[in-house]
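Printed here is query-v7.txt (compact mmCIF, N, CA and C atoms):
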# COMPACT_ATOMS: atom_id res chain seq x y z
N GLN A 1 13.45 -14.87 -0.93
CA GLN A 1 13.24 -13.75 -0.04
C GLN A 1 12.78 -12.54 -0.86
N ALA A 2 11.56 -12.09 -0.62
CA ALA A 2 11.03 -10.96 -1.37
C ALA A 2 11.63 -9.67 -0.85
N ARG A 3 11.70 -8.70 -1.73
CA ARG A 3 12.18 -7.38 -1.37
C ARG A 3 11.26 -6.34 -2.00
N LEU A 4 10.89 -5.35 -1.19
CA LEU A 4 10.00 -4.30 -1.65
C LEU A 4 10.70 -2.95 -1.49
N VAL A 5 10.60 -2.15 -2.52
CA VAL A 5 11.22 -0.82 -2.49
C VAL A 5 10.19 0.21 -2.92
N GLU A 6 9.87 1.13 -2.01
CA GLU A 6 8.91 2.20 -2.34
C GLU A 6 9.64 3.39 -2.93
N SER A 7 8.92 4.13 -3.75
CA SER A 7 9.45 5.38 -4.29
C SER A 7 8.28 6.30 -4.58
N GLY A 8 8.59 7.56 -4.84
CA GLY A 8 7.56 8.50 -5.24
C GLY A 8 7.09 9.46 -4.17
N GLY A 9 7.60 9.32 -2.96
CA GLY A 9 7.20 10.25 -1.92
C GLY A 9 7.82 11.62 -2.14
N GLY A 10 7.37 12.57 -1.33
CA GLY A 10 7.91 13.92 -1.43
C GLY A 10 7.02 14.93 -0.76
N LEU A 11 7.28 16.18 -1.08
CA LEU A 11 6.52 17.30 -0.52
C LEU A 11 5.52 17.77 -1.58
N VAL A 12 4.28 17.93 -1.16
CA VAL A 12 3.24 18.36 -2.09
C VAL A 12 2.30 19.31 -1.35
N GLN A 13 1.74 20.24 -2.07
CA GLN A 13 0.80 21.18 -1.46
C GLN A 13 -0.56 20.52 -1.26
N PRO A 14 -1.33 21.01 -0.31
CA PRO A 14 -2.69 20.49 -0.14
C PRO A 14 -3.47 20.58 -1.45
N GLY A 15 -4.19 19.52 -1.74
CA GLY A 15 -4.93 19.43 -2.99
C GLY A 15 -4.14 18.82 -4.12
N GLY A 16 -2.86 18.62 -3.92
CA GLY A 16 -2.02 18.06 -4.95
C GLY A 16 -2.09 16.54 -5.03
N SER A 17 -1.26 15.99 -5.90
CA SER A 17 -1.26 14.55 -6.15
C SER A 17 0.15 13.99 -6.10
N LEU A 18 0.24 12.75 -5.74
CA LEU A 18 1.49 11.99 -5.79
C LEU A 18 1.14 10.57 -6.17
N THR A 19 2.09 9.91 -6.83
CA THR A 19 1.94 8.48 -7.10
C THR A 19 3.10 7.75 -6.46
N LEU A 20 2.78 6.86 -5.55
CA LEU A 20 3.79 6.01 -4.93
C LEU A 20 3.90 4.71 -5.71
N SER A 21 5.10 4.22 -5.82
CA SER A 21 5.34 2.93 -6.47
C SER A 21 6.04 1.99 -5.51
N CYS A 22 5.75 0.72 -5.69
CA CYS A 22 6.37 -0.32 -4.87
C CYS A 22 6.89 -1.38 -5.83
N ALA A 23 8.20 -1.50 -5.91
CA ALA A 23 8.81 -2.51 -6.76
C ALA A 23 9.03 -3.78 -5.96
N VAL A 24 8.50 -4.88 -6.48
CA VAL A 24 8.59 -6.17 -5.80
C VAL A 24 9.60 -7.05 -6.53
N SER A 25 10.54 -7.58 -5.80
CA SER A 25 11.51 -8.50 -6.39
C SER A 25 11.69 -9.70 -5.48
N GLY A 26 12.23 -10.78 -6.05
CA GLY A 26 12.50 -11.97 -5.25
C GLY A 26 11.31 -12.85 -4.99
N PHE A 27 10.16 -12.55 -5.61
CA PHE A 27 8.96 -13.37 -5.46
C PHE A 27 8.41 -13.59 -6.84
N THR A 28 8.45 -14.83 -7.31
CA THR A 28 8.19 -15.10 -8.73
C THR A 28 6.71 -15.33 -9.04
N SER A 29 5.89 -15.58 -8.06
CA SER A 29 4.48 -15.83 -8.30
C SER A 29 3.69 -14.54 -8.32
N ASP A 30 2.58 -14.53 -9.08
CA ASP A 30 1.66 -13.40 -9.07
C ASP A 30 0.61 -13.55 -7.99
N ASN A 31 0.63 -14.68 -7.28
CA ASN A 31 -0.39 -14.94 -6.29
C ASN A 31 -0.01 -14.32 -4.95
N PHE A 32 -0.09 -13.01 -4.89
CA PHE A 32 0.18 -12.32 -3.65
C PHE A 32 -0.79 -11.16 -3.51
N ALA A 33 -0.94 -10.72 -2.30
CA ALA A 33 -1.71 -9.51 -2.04
C ALA A 33 -0.74 -8.43 -1.59
N ILE A 34 -1.08 -7.21 -1.89
CA ILE A 34 -0.23 -6.09 -1.53
C ILE A 34 -1.03 -5.12 -0.67
N GLY A 35 -0.39 -4.57 0.30
CA GLY A 35 -1.03 -3.59 1.15
C GLY A 35 -0.21 -2.32 1.22
N TRP A 36 -0.90 -1.21 1.36
CA TRP A 36 -0.26 0.08 1.61
C TRP A 36 -0.65 0.53 3.02
N PHE A 37 0.34 0.95 3.76
CA PHE A 37 0.16 1.40 5.13
C PHE A 37 0.84 2.75 5.30
N ARG A 38 0.49 3.44 6.35
CA ARG A 38 1.17 4.69 6.64
C ARG A 38 1.26 4.89 8.15
N GLN A 39 2.28 5.63 8.53
CA GLN A 39 2.46 5.95 9.94
C GLN A 39 2.80 7.42 10.07
N ALA A 40 1.90 8.15 10.68
CA ALA A 40 2.11 9.57 10.94
C ALA A 40 2.86 9.74 12.25
N PRO A 41 3.54 10.87 12.43
CA PRO A 41 4.28 11.10 13.67
C PRO A 41 3.38 10.96 14.89
N GLY A 42 3.83 10.16 15.84
CA GLY A 42 3.09 10.00 17.08
C GLY A 42 1.88 9.11 16.99
N LYS A 43 1.67 8.48 15.83
CA LYS A 43 0.49 7.63 15.65
C LYS A 43 0.91 6.22 15.26
N GLU A 44 -0.01 5.30 15.44
CA GLU A 44 0.25 3.93 15.04
C GLU A 44 0.13 3.78 13.52
N ARG A 45 0.82 2.80 13.03
CA ARG A 45 0.72 2.51 11.59
C ARG A 45 -0.68 1.99 11.28
N GLU A 46 -1.24 2.46 10.16
CA GLU A 46 -2.58 2.06 9.77
C GLU A 46 -2.60 1.61 8.32
N GLY A 47 -3.49 0.68 8.03
CA GLY A 47 -3.70 0.25 6.68
C GLY A 47 -4.55 1.25 5.93
N ILE A 48 -4.19 1.55 4.68
CA ILE A 48 -4.96 2.50 3.90
C ILE A 48 -5.53 1.90 2.63
N SER A 49 -4.90 0.86 2.10
CA SER A 49 -5.41 0.24 0.90
C SER A 49 -4.74 -1.12 0.71
N CYS A 50 -5.45 -2.00 0.03
CA CYS A 50 -4.83 -3.28 -0.33
C CYS A 50 -5.48 -3.81 -1.59
N MET A 51 -4.77 -4.73 -2.22
CA MET A 51 -5.28 -5.35 -3.43
C MET A 51 -4.87 -6.81 -3.43
N GLY A 52 -5.82 -7.67 -3.79
CA GLY A 52 -5.52 -9.09 -3.90
C GLY A 52 -4.87 -9.41 -5.22
N PRO A 53 -4.78 -10.69 -5.55
CA PRO A 53 -4.14 -11.09 -6.81
C PRO A 53 -4.84 -10.55 -8.05
N SER A 54 -6.12 -10.25 -7.95
CA SER A 54 -6.82 -9.69 -9.08
C SER A 54 -7.40 -8.34 -8.70
N ASP A 55 -7.76 -7.57 -9.71
CA ASP A 55 -8.29 -6.23 -9.46
C ASP A 55 -9.63 -6.25 -8.72
N SER A 56 -10.27 -7.42 -8.67
CA SER A 56 -11.60 -7.47 -8.07
C SER A 56 -11.57 -7.37 -6.56
N SER A 57 -10.43 -7.56 -5.98
CA SER A 57 -10.32 -7.49 -4.52
C SER A 57 -9.49 -6.29 -4.13
N THR A 58 -10.16 -5.23 -3.74
CA THR A 58 -9.47 -4.05 -3.25
C THR A 58 -10.19 -3.54 -2.01
N TRP A 59 -9.47 -2.78 -1.22
CA TRP A 59 -10.03 -2.19 0.00
C TRP A 59 -9.36 -0.85 0.22
N TYR A 60 -10.14 0.10 0.74
CA TYR A 60 -9.61 1.42 1.06
C TYR A 60 -10.12 1.84 2.44
N LEU A 61 -9.24 2.50 3.17
CA LEU A 61 -9.64 3.16 4.41
C LEU A 61 -10.64 4.26 4.06
N ASP A 62 -11.65 4.42 4.89
CA ASP A 62 -12.70 5.39 4.58
C ASP A 62 -12.14 6.78 4.26
N SER A 63 -11.14 7.18 4.99
CA SER A 63 -10.63 8.55 4.83
C SER A 63 -9.88 8.77 3.52
N VAL A 64 -9.55 7.70 2.80
CA VAL A 64 -8.86 7.85 1.51
C VAL A 64 -9.72 7.38 0.35
N GLN A 65 -10.84 6.76 0.67
CA GLN A 65 -11.75 6.26 -0.38
C GLN A 65 -12.13 7.41 -1.30
N GLY A 66 -12.01 7.18 -2.60
CA GLY A 66 -12.35 8.20 -3.58
C GLY A 66 -11.21 9.15 -3.90
N ARG A 67 -10.19 9.16 -3.09
CA ARG A 67 -9.02 10.01 -3.36
C ARG A 67 -7.80 9.20 -3.78
N PHE A 68 -7.67 8.01 -3.25
CA PHE A 68 -6.53 7.14 -3.54
C PHE A 68 -6.98 5.98 -4.42
N ALA A 69 -6.06 5.50 -5.25
CA ALA A 69 -6.36 4.36 -6.11
C ALA A 69 -5.14 3.45 -6.18
N ILE A 70 -5.37 2.19 -5.89
CA ILE A 70 -4.30 1.20 -5.93
C ILE A 70 -4.36 0.45 -7.25
N SER A 71 -3.20 0.09 -7.76
CA SER A 71 -3.15 -0.68 -8.99
C SER A 71 -1.88 -1.53 -8.97
N ARG A 72 -1.88 -2.56 -9.79
CA ARG A 72 -0.70 -3.42 -9.87
C ARG A 72 -0.42 -3.79 -11.31
N ASP A 73 0.83 -3.95 -11.61
CA ASP A 73 1.29 -4.36 -12.93
C ASP A 73 2.13 -5.61 -12.72
N ASN A 74 1.51 -6.76 -12.94
CA ASN A 74 2.22 -8.02 -12.69
C ASN A 74 3.39 -8.22 -13.64
N ALA A 75 3.28 -7.68 -14.83
CA ALA A 75 4.37 -7.83 -15.80
C ALA A 75 5.62 -7.09 -15.32
N GLU A 76 5.40 -5.96 -14.67
CA GLU A 76 6.53 -5.16 -14.18
C GLU A 76 6.82 -5.40 -12.71
N ASN A 77 6.00 -6.24 -12.05
CA ASN A 77 6.15 -6.49 -10.60
C ASN A 77 6.15 -5.21 -9.80
N THR A 78 5.22 -4.33 -10.13
CA THR A 78 5.10 -3.09 -9.38
C THR A 78 3.65 -2.88 -8.94
N VAL A 79 3.51 -2.19 -7.85
CA VAL A 79 2.21 -1.80 -7.35
C VAL A 79 2.26 -0.30 -7.12
N SER A 80 1.20 0.38 -7.50
CA SER A 80 1.18 1.83 -7.37
C SER A 80 0.03 2.28 -6.49
N LEU A 81 0.21 3.44 -5.91
CA LEU A 81 -0.85 4.08 -5.14
C LEU A 81 -0.95 5.51 -5.63
N GLN A 82 -1.99 5.79 -6.40
CA GLN A 82 -2.23 7.14 -6.89
C GLN A 82 -2.98 7.89 -5.80
N MET A 83 -2.42 9.01 -5.37
CA MET A 83 -3.02 9.78 -4.28
C MET A 83 -3.38 11.17 -4.79
N ASN A 84 -4.67 11.48 -4.77
CA ASN A 84 -5.17 12.77 -5.22
C ASN A 84 -5.80 13.54 -4.07
N SER A 85 -5.99 14.82 -4.29
CA SER A 85 -6.63 15.68 -3.30
C SER A 85 -6.00 15.50 -1.92
N LEU A 86 -4.71 15.55 -1.90
CA LEU A 86 -3.99 15.28 -0.65
C LEU A 86 -4.25 16.35 0.39
N LYS A 87 -4.29 15.91 1.64
CA LYS A 87 -4.56 16.79 2.77
C LYS A 87 -3.38 16.76 3.74
N PRO A 88 -3.23 17.78 4.55
CA PRO A 88 -2.13 17.75 5.54
C PRO A 88 -2.16 16.51 6.42
N GLU A 89 -3.34 16.00 6.70
CA GLU A 89 -3.44 14.81 7.56
C GLU A 89 -2.98 13.54 6.84
N ASP A 90 -2.68 13.62 5.55
CA ASP A 90 -2.11 12.48 4.84
C ASP A 90 -0.60 12.39 5.03
N THR A 91 -0.03 13.38 5.68
CA THR A 91 1.41 13.37 5.93
C THR A 91 1.80 12.18 6.79
N ALA A 92 2.73 11.39 6.29
CA ALA A 92 3.13 10.16 6.98
C ALA A 92 4.25 9.50 6.19
N VAL A 93 4.83 8.48 6.80
CA VAL A 93 5.69 7.56 6.06
C VAL A 93 4.80 6.45 5.52
N TYR A 94 4.91 6.21 4.23
CA TYR A 94 4.07 5.22 3.56
C TYR A 94 4.88 3.97 3.27
N TYR A 95 4.26 2.83 3.56
CA TYR A 95 4.91 1.54 3.38
C TYR A 95 4.05 0.64 2.49
N CYS A 96 4.71 -0.16 1.66
CA CYS A 96 4.01 -1.24 0.99
C CYS A 96 4.43 -2.56 1.65
N ALA A 97 3.56 -3.53 1.57
CA ALA A 97 3.81 -4.81 2.21
C ALA A 97 3.22 -5.93 1.38
N LEU A 98 3.80 -7.10 1.50
CA LEU A 98 3.45 -8.26 0.67
C LEU A 98 2.90 -9.39 1.53
N ASP A 99 1.75 -9.89 1.14
CA ASP A 99 1.16 -11.08 1.75
C ASP A 99 1.32 -12.22 0.77
N THR A 100 2.09 -13.22 1.14
CA THR A 100 2.36 -14.32 0.22
C THR A 100 1.63 -15.61 0.57
N GLY A 101 0.97 -15.65 1.71
CA GLY A 101 0.35 -16.94 2.04
C GLY A 101 -0.64 -16.93 3.17
N SER A 102 -1.32 -15.82 3.43
CA SER A 102 -2.29 -15.80 4.52
C SER A 102 -3.52 -16.63 4.17
N ARG A 103 -4.31 -16.93 5.17
CA ARG A 103 -5.53 -17.71 4.94
C ARG A 103 -6.52 -16.91 4.09
N ILE A 104 -6.56 -15.61 4.30
CA ILE A 104 -7.44 -14.77 3.49
C ILE A 104 -7.05 -14.87 2.03
N LEU A 105 -5.77 -14.83 1.76
CA LEU A 105 -5.30 -14.93 0.39
C LEU A 105 -5.58 -16.31 -0.18
N GLN A 106 -5.28 -17.34 0.59
CA GLN A 106 -5.41 -18.70 0.09
C GLN A 106 -6.87 -19.11 -0.09
N LEU A 107 -7.72 -18.74 0.86
CA LEU A 107 -9.10 -19.20 0.83
C LEU A 107 -10.01 -18.31 -0.02
N PHE A 108 -9.75 -17.00 -0.01
CA PHE A 108 -10.66 -16.07 -0.66
C PHE A 108 -10.03 -15.28 -1.80
N ASN A 109 -8.74 -15.51 -2.03
CA ASN A 109 -8.06 -14.78 -3.11
C ASN A 109 -8.23 -13.27 -2.91
N ALA A 110 -8.14 -12.87 -1.65
CA ALA A 110 -8.42 -11.47 -1.31
C ALA A 110 -7.29 -10.89 -0.48
N CYS A 111 -7.38 -9.60 -0.25
CA CYS A 111 -6.37 -8.92 0.57
C CYS A 111 -6.96 -8.61 1.93
N SER A 112 -6.08 -8.32 2.86
CA SER A 112 -6.49 -7.98 4.21
C SER A 112 -5.95 -6.61 4.60
N PRO A 113 -6.75 -5.79 5.26
CA PRO A 113 -6.23 -4.51 5.75
C PRO A 113 -5.39 -4.63 7.02
N GLY A 114 -5.35 -5.82 7.58
CA GLY A 114 -4.60 -6.02 8.81
C GLY A 114 -3.13 -6.23 8.57
N GLN A 115 -2.31 -5.68 9.45
CA GLN A 115 -0.87 -5.72 9.24
C GLN A 115 -0.27 -7.10 9.47
N ASP A 116 -0.92 -7.90 10.30
CA ASP A 116 -0.28 -9.12 10.76
C ASP A 116 -0.14 -10.20 9.68
N VAL A 117 -0.85 -10.08 8.57
CA VAL A 117 -0.77 -11.10 7.53
C VAL A 117 0.35 -10.84 6.54
N TYR A 118 0.96 -9.69 6.62
CA TYR A 118 1.96 -9.32 5.62
C TYR A 118 3.36 -9.80 6.04
N ASP A 119 4.01 -10.48 5.10
CA ASP A 119 5.29 -11.12 5.38
C ASP A 119 6.49 -10.21 5.15
N TYR A 120 6.38 -9.36 4.16
CA TYR A 120 7.52 -8.54 3.75
C TYR A 120 7.08 -7.08 3.68
N TRP A 121 8.01 -6.21 4.07
CA TRP A 121 7.73 -4.78 4.13
C TRP A 121 8.84 -4.00 3.44
N GLY A 122 8.44 -2.90 2.82
CA GLY A 122 9.42 -1.97 2.29
C GLY A 122 9.96 -1.07 3.39
N GLN A 123 10.87 -0.21 3.01
CA GLN A 123 11.54 0.65 3.98
C GLN A 123 10.75 1.94 4.25
N GLY A 124 9.78 2.21 3.42
CA GLY A 124 8.95 3.39 3.61
C GLY A 124 9.42 4.58 2.80
N THR A 125 8.47 5.43 2.46
CA THR A 125 8.77 6.67 1.76
C THR A 125 7.94 7.80 2.40
N GLN A 126 8.58 8.94 2.59
CA GLN A 126 7.94 10.04 3.29
C GLN A 126 7.05 10.84 2.34
N VAL A 127 5.84 11.09 2.78
CA VAL A 127 4.92 11.99 2.07
C VAL A 127 4.58 13.13 3.02
N THR A 128 4.83 14.33 2.57
CA THR A 128 4.53 15.52 3.37
C THR A 128 3.60 16.42 2.57
N VAL A 129 2.46 16.73 3.17
CA VAL A 129 1.48 17.59 2.53
C VAL A 129 1.44 18.89 3.31
N SER A 130 1.95 19.93 2.69
CA SER A 130 2.06 21.21 3.41
C SER A 130 2.17 22.35 2.41
N SER A 131 1.64 23.48 2.79
CA SER A 131 1.76 24.67 1.96
C SER A 131 2.97 25.50 2.38
Could I get this structure in the form of structure tokens?
Amino acid sequence: QARLVESGGGLVQPGGSLTLSCAVSGFTSDNFAIGWFRQAPGKEREGISCMGPSDSSTWYLDSVQGRFAISRDNAENTVSLQMNSLKPEDTAVYYCALDTGSRILQLFNACSPGQDVYDYWGQGTQVTVSS
């Protein structure tokens, strides 16, 4: 049973930066995809970035492309989301999620921005962008 724990959220001024981390435990293989999602108040949860088993497969939501960067450290079993040039509209609860066996992962060694393929979810970390 995999377990994901996010950390690194907080309050930051517009234009500032934060790095979120997701510690993965209970899953011994490196063959997984990781996704980052967020849910703002009153809105549905949306995918913002994902990474497949290798660095060659990444995806970003248009609104975060160029500002956010996803990375993974298989040796440490952690995945990070570096967030720069933060805007008030980035305020949300951020979640990491693990895909351990979707068809996209198995057939294409890639990640999916869709929520339905992810098997395990973290508890979320709050990011607030405000002056």
Next item on the list: From the DSSP assignment of the backbone, select every residue of chain A that is strand (DSSP E or B), and format the answer as number ranges by chain.
Entry: A: 3-7, 10-12, 18-25, 33-39, 46-51, 58-60, 68-73, 78-83, 92-99, 120-121, 125-129
Nearest candidate to A:Val5 (options A:Cys22, A:Phe68, A:Gly114, A:Gly47; using only C-alpha atoms)
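For A:Val5, the nearest of the candidates is A:Cys22.
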I need the residue nearest A:Gln115 from this list: A:Thr128, A:Gln1, A:Ser49, A:Thr19. Use only C-alpha atoms for the distance.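 Using only C-alpha atoms, A:Gln115 sits closest to A:Ser49.
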- To one decimal place, how far is atom CA of A:Thr78 from atom N of A:Gly15 in Å?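 One can read the atom CA of A:Thr78 to atom N of A:Gly15 distance as 25.6 Å.
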Which residues come within 6.5 Å of A:Gln123, counting all atoms listed in the file, excluding same-chain residues fewer than 2 positions away, as an mmCIF file with N, CA and C atoms, in the coordinates of the input?
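Listed below is the output, selection02.cif:
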data_model
loop_
_atom_site.group_PDB
_atom_site.id
_atom_site.type_symbol
_atom_site.label_atom_id
_atom_site.label_comp_id
_atom_site.auth_asym_id
_atom_site.auth_seq_id
_atom_site.Cartn_x
_atom_site.Cartn_y
_atom_site.Cartn_z
ATOM 1 N N LEU A 4 10.890 -5.350 -1.190
ATOM 2 C CA LEU A 4 10.000 -4.300 -1.650
ATOM 3 C C LEU A 4 10.700 -2.950 -1.490
ATOM 4 N N VAL A 5 10.600 -2.150 -2.520
ATOM 5 C CA VAL A 5 11.220 -0.820 -2.490
ATOM 6 C C VAL A 5 10.190 0.210 -2.920
ATOM 7 N N GLU A 6 9.870 1.130 -2.010
ATOM 8 C CA GLU A 6 8.910 2.200 -2.340
ATOM 9 C C GLU A 6 9.640 3.390 -2.930
ATOM 10 N N TYR A 94 4.910 6.210 4.230
ATOM 11 C CA TYR A 94 4.070 5.220 3.560
ATOM 12 C C TYR A 94 4.880 3.970 3.270
ATOM 13 N N TYR A 95 4.260 2.830 3.560
ATOM 14 C CA TYR A 95 4.910 1.540 3.380
ATOM 15 C C TYR A 95 4.050 0.640 2.490
ATOM 16 N N CYS A 96 4.710 -0.160 1.660
ATOM 17 C CA CYS A 96 4.010 -1.240 0.990
ATOM 18 C C CYS A 96 4.430 -2.560 1.650
ATOM 19 N N TRP A 121 8.010 -6.210 4.070
ATOM 20 C CA TRP A 121 7.730 -4.780 4.130
ATOM 21 C C TRP A 121 8.840 -4.000 3.440
ATOM 22 N N THR A 125 8.470 5.430 2.460
ATOM 23 C CA THR A 125 8.770 6.670 1.760
ATOM 24 C C THR A 125 7.940 7.800 2.400
#
Quick one: distance from atom CA of A:Gly10 to atom CA of A:Asp99 in Å, one decimal?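 Atom CA of A:Gly10 sits 26.1 Å away from atom CA of A:Asp99.
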Could you pull the residues within 5 Å of A:Pro14, counting all atoms listed in the file, minus those fewer than 2 positions along the same chain, as an mmCIF file with N, CA and C atoms, in the coordinates of the input?
data_model
loop_
_atom_site.group_PDB
_atom_site.id
_atom_site.type_symbol
_atom_site.label_atom_id
_atom_site.label_comp_id
_atom_site.auth_asym_id
_atom_site.auth_seq_id
_atom_site.Cartn_x
_atom_site.Cartn_y
_atom_site.Cartn_z
ATOM 1 N N VAL A 12 4.280 17.930 -1.160
ATOM 2 C CA VAL A 12 3.240 18.360 -2.090
ATOM 3 C C VAL A 12 2.300 19.310 -1.350
ATOM 4 N N GLY A 16 -2.860 18.620 -3.920
ATOM 5 C CA GLY A 16 -2.020 18.060 -4.950
ATOM 6 C C GLY A 16 -2.090 16.540 -5.030
ATOM 7 N N LEU A 86 -4.710 15.550 -1.900
ATOM 8 C CA LEU A 86 -3.990 15.280 -0.650
ATOM 9 C C LEU A 86 -4.250 16.350 0.390
ATOM 10 N N SER A 130 1.950 19.930 2.690
ATOM 11 C CA SER A 130 2.060 21.210 3.410
ATOM 12 C C SER A 130 2.170 22.350 2.410
ATOM 13 N N SER A 131 1.640 23.480 2.790
ATOM 14 C CA SER A 131 1.760 24.670 1.960
ATOM 15 C C SER A 131 2.970 25.500 2.380
#
Residue with the minimum atom-to-atom distance to A:Gln39, picked from A:Ala69, A:Val79, A:Val127, A:Leu11 with only C-alpha atoms counted, is A:Val127
Here atom C of A:Ile34 and atom CA of A:Gln13 stand apart by 26.4 Å
Discussion item. As a VMD selection string, please: every residue in stretch 94-129 of chain A that DSSP puts in alpha helix (DSSP H).
Written reply: chain A and resid 103 to 108
Can you tell me which residues surround A:Asn31 at a distance of at most 6.5 Å, considering all atoms listed in the file, apart from same-chain residues fewer than 3 positions away, and format the answer as a PyMOL selection string? chain A and resi 28+53+99-100
Can you sort out the box for stretch 23-33 of chain A, edges along x, y and z, all listed atoms in, 8 Å on every side, with centre and edge lengths in Å to one decimal, as lines of an AutoDock Vina configuration file?
center_x = 5.4
center_y = -8.7
center_z = -5.3
size_x = 30.2
size_y = 30.3
size_z = 23.5
Where atoms are missing, can you supply N, CA, C and O atoms for stretch 55-72 of chain A and output the lot as a PDB file, in the coordinates of the input?
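Saved file selection-v9.pdb follows:
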ATOM      1  N   ASP A  55      -7.760  -7.570  -9.710  1.00  0.00           N
ATOM      2  CA  ASP A  55      -8.290  -6.230  -9.460  1.00  0.00           C
ATOM      3  C   ASP A  55      -9.630  -6.250  -8.720  1.00  0.00           C
ATOM      4  O   ASP A  55     -10.060  -5.212  -8.213  1.00  0.00           O
ATOM      5  N   SER A  56     -10.270  -7.420  -8.670  1.00  0.00           N
ATOM      6  CA  SER A  56     -11.600  -7.470  -8.070  1.00  0.00           C
ATOM      7  C   SER A  56     -11.570  -7.370  -6.560  1.00  0.00           C
ATOM      8  O   SER A  56     -12.598  -7.130  -5.928  1.00  0.00           O
ATOM      9  N   SER A  57     -10.430  -7.560  -5.980  1.00  0.00           N
ATOM     10  CA  SER A  57     -10.320  -7.490  -4.520  1.00  0.00           C
ATOM     11  C   SER A  57      -9.490  -6.290  -4.130  1.00  0.00           C
ATOM     12  O   SER A  57      -8.261  -6.313  -4.224  1.00  0.00           O
ATOM     13  N   THR A  58     -10.160  -5.230  -3.740  1.00  0.00           N
ATOM     14  CA  THR A  58      -9.470  -4.050  -3.250  1.00  0.00           C
ATOM     15  C   THR A  58     -10.190  -3.540  -2.010  1.00  0.00           C
ATOM     16  O   THR A  58     -11.361  -3.825  -1.781  1.00  0.00           O
ATOM     17  N   TRP A  59      -9.470  -2.780  -1.220  1.00  0.00           N
ATOM     18  CA  TRP A  59     -10.030  -2.190   0.000  1.00  0.00           C
ATOM     19  C   TRP A  59      -9.360  -0.850   0.220  1.00  0.00           C
ATOM     20  O   TRP A  59      -8.174  -0.678  -0.097  1.00  0.00           O
ATOM     21  N   TYR A  60     -10.140   0.100   0.740  1.00  0.00           N
ATOM     22  CA  TYR A  60      -9.610   1.420   1.060  1.00  0.00           C
ATOM     23  C   TYR A  60     -10.120   1.840   2.440  1.00  0.00           C
ATOM     24  O   TYR A  60     -11.275   1.608   2.796  1.00  0.00           O
ATOM     25  N   LEU A  61      -9.240   2.500   3.170  1.00  0.00           N
ATOM     26  CA  LEU A  61      -9.640   3.160   4.410  1.00  0.00           C
ATOM     27  C   LEU A  61     -10.640   4.260   4.060  1.00  0.00           C
ATOM     28  O   LEU A  61     -10.496   4.925   3.022  1.00  0.00           O
ATOM     29  N   ASP A  62     -11.650   4.420   4.890  1.00  0.00           N
ATOM     30  CA  ASP A  62     -12.700   5.390   4.580  1.00  0.00           C
ATOM     31  C   ASP A  62     -12.140   6.780   4.260  1.00  0.00           C
ATOM     32  O   ASP A  62     -12.630   7.462   3.361  1.00  0.00           O
ATOM     33  N   SER A  63     -11.140   7.180   4.990  1.00  0.00           N
ATOM     34  CA  SER A  63     -10.630   8.550   4.830  1.00  0.00           C
ATOM     35  C   SER A  63      -9.880   8.770   3.520  1.00  0.00           C
ATOM     36  O   SER A  63      -9.619   9.922   3.145  1.00  0.00           O
ATOM     37  N   VAL A  64      -9.550   7.700   2.800  1.00  0.00           N
ATOM     38  CA  VAL A  64      -8.860   7.850   1.510  1.00  0.00           C
ATOM     39  C   VAL A  64      -9.720   7.380   0.350  1.00  0.00           C
ATOM     40  O   VAL A  64      -9.343   7.561  -0.811  1.00  0.00           O
ATOM     41  N   GLN A  65     -10.840   6.760   0.670  1.00  0.00           N
ATOM     42  CA  GLN A  65     -11.750   6.260  -0.380  1.00  0.00           C
ATOM     43  C   GLN A  65     -12.130   7.410  -1.300  1.00  0.00           C
ATOM     44  O   GLN A  65     -12.519   8.495  -0.860  1.00  0.00           O
ATOM     45  N   GLY A  66     -12.010   7.180  -2.600  1.00  0.00           N
ATOM     46  CA  GLY A  66     -12.350   8.200  -3.580  1.00  0.00           C
ATOM     47  C   GLY A  66     -11.210   9.150  -3.900  1.00  0.00           C
ATOM     48  O   GLY A  66     -11.283   9.880  -4.897  1.00  0.00           O
ATOM     49  N   ARG A  67     -10.190   9.160  -3.090  1.00  0.00           N
ATOM     50  CA  ARG A  67      -9.020  10.010  -3.360  1.00  0.00           C
ATOM     51  C   ARG A  67      -7.800   9.200  -3.780  1.00  0.00           C
ATOM     52  O   ARG A  67      -6.977   9.679  -4.558  1.00  0.00           O
ATOM     53  N   PHE A  68      -7.670   8.010  -3.250  1.00  0.00           N
ATOM     54  CA  PHE A  68      -6.530   7.140  -3.540  1.00  0.00           C
ATOM     55  C   PHE A  68      -6.980   5.980  -4.420  1.00  0.00           C
ATOM     56  O   PHE A  68      -8.120   5.516  -4.333  1.00  0.00           O
ATOM     57  N   ALA A  69      -6.060   5.500  -5.250  1.00  0.00           N
ATOM     58  CA  ALA A  69      -6.360   4.360  -6.110  1.00  0.00           C
ATOM     59  C   ALA A  69      -5.140   3.450  -6.180  1.00  0.00           C
ATOM     60  O   ALA A  69      -4.034   3.910  -6.483  1.00  0.00           O
ATOM     61  N   ILE A  70      -5.370   2.190  -5.890  1.00  0.00           N
ATOM     62  CA  ILE A  70      -4.300   1.200  -5.930  1.00  0.00           C
ATOM     63  C   ILE A  70      -4.360   0.450  -7.250  1.00  0.00           C
ATOM     64  O   ILE A  70      -5.440   0.202  -7.790  1.00  0.00           O
ATOM     65  N   SER A  71      -3.200   0.090  -7.760  1.00  0.00           N
ATOM     66  CA  SER A  71      -3.150  -0.680  -8.990  1.00  0.00           C
ATOM     67  C   SER A  71      -1.880  -1.530  -8.970  1.00  0.00           C
ATOM     68  O   SER A  71      -0.956  -1.257  -8.214  1.00  0.00           O
ATOM     69  N   ARG A  72      -1.880  -2.560  -9.790  1.00  0.00           N
ATOM     70  CA  ARG A  72      -0.700  -3.420  -9.870  1.00  0.00           C
ATOM     71  C   ARG A  72      -0.420  -3.790 -11.310  1.00  0.00           C
ATOM     72  O   ARG A  72      -1.334  -3.933 -12.114  1.00  0.00           O
TER      73      ARG A  72
END
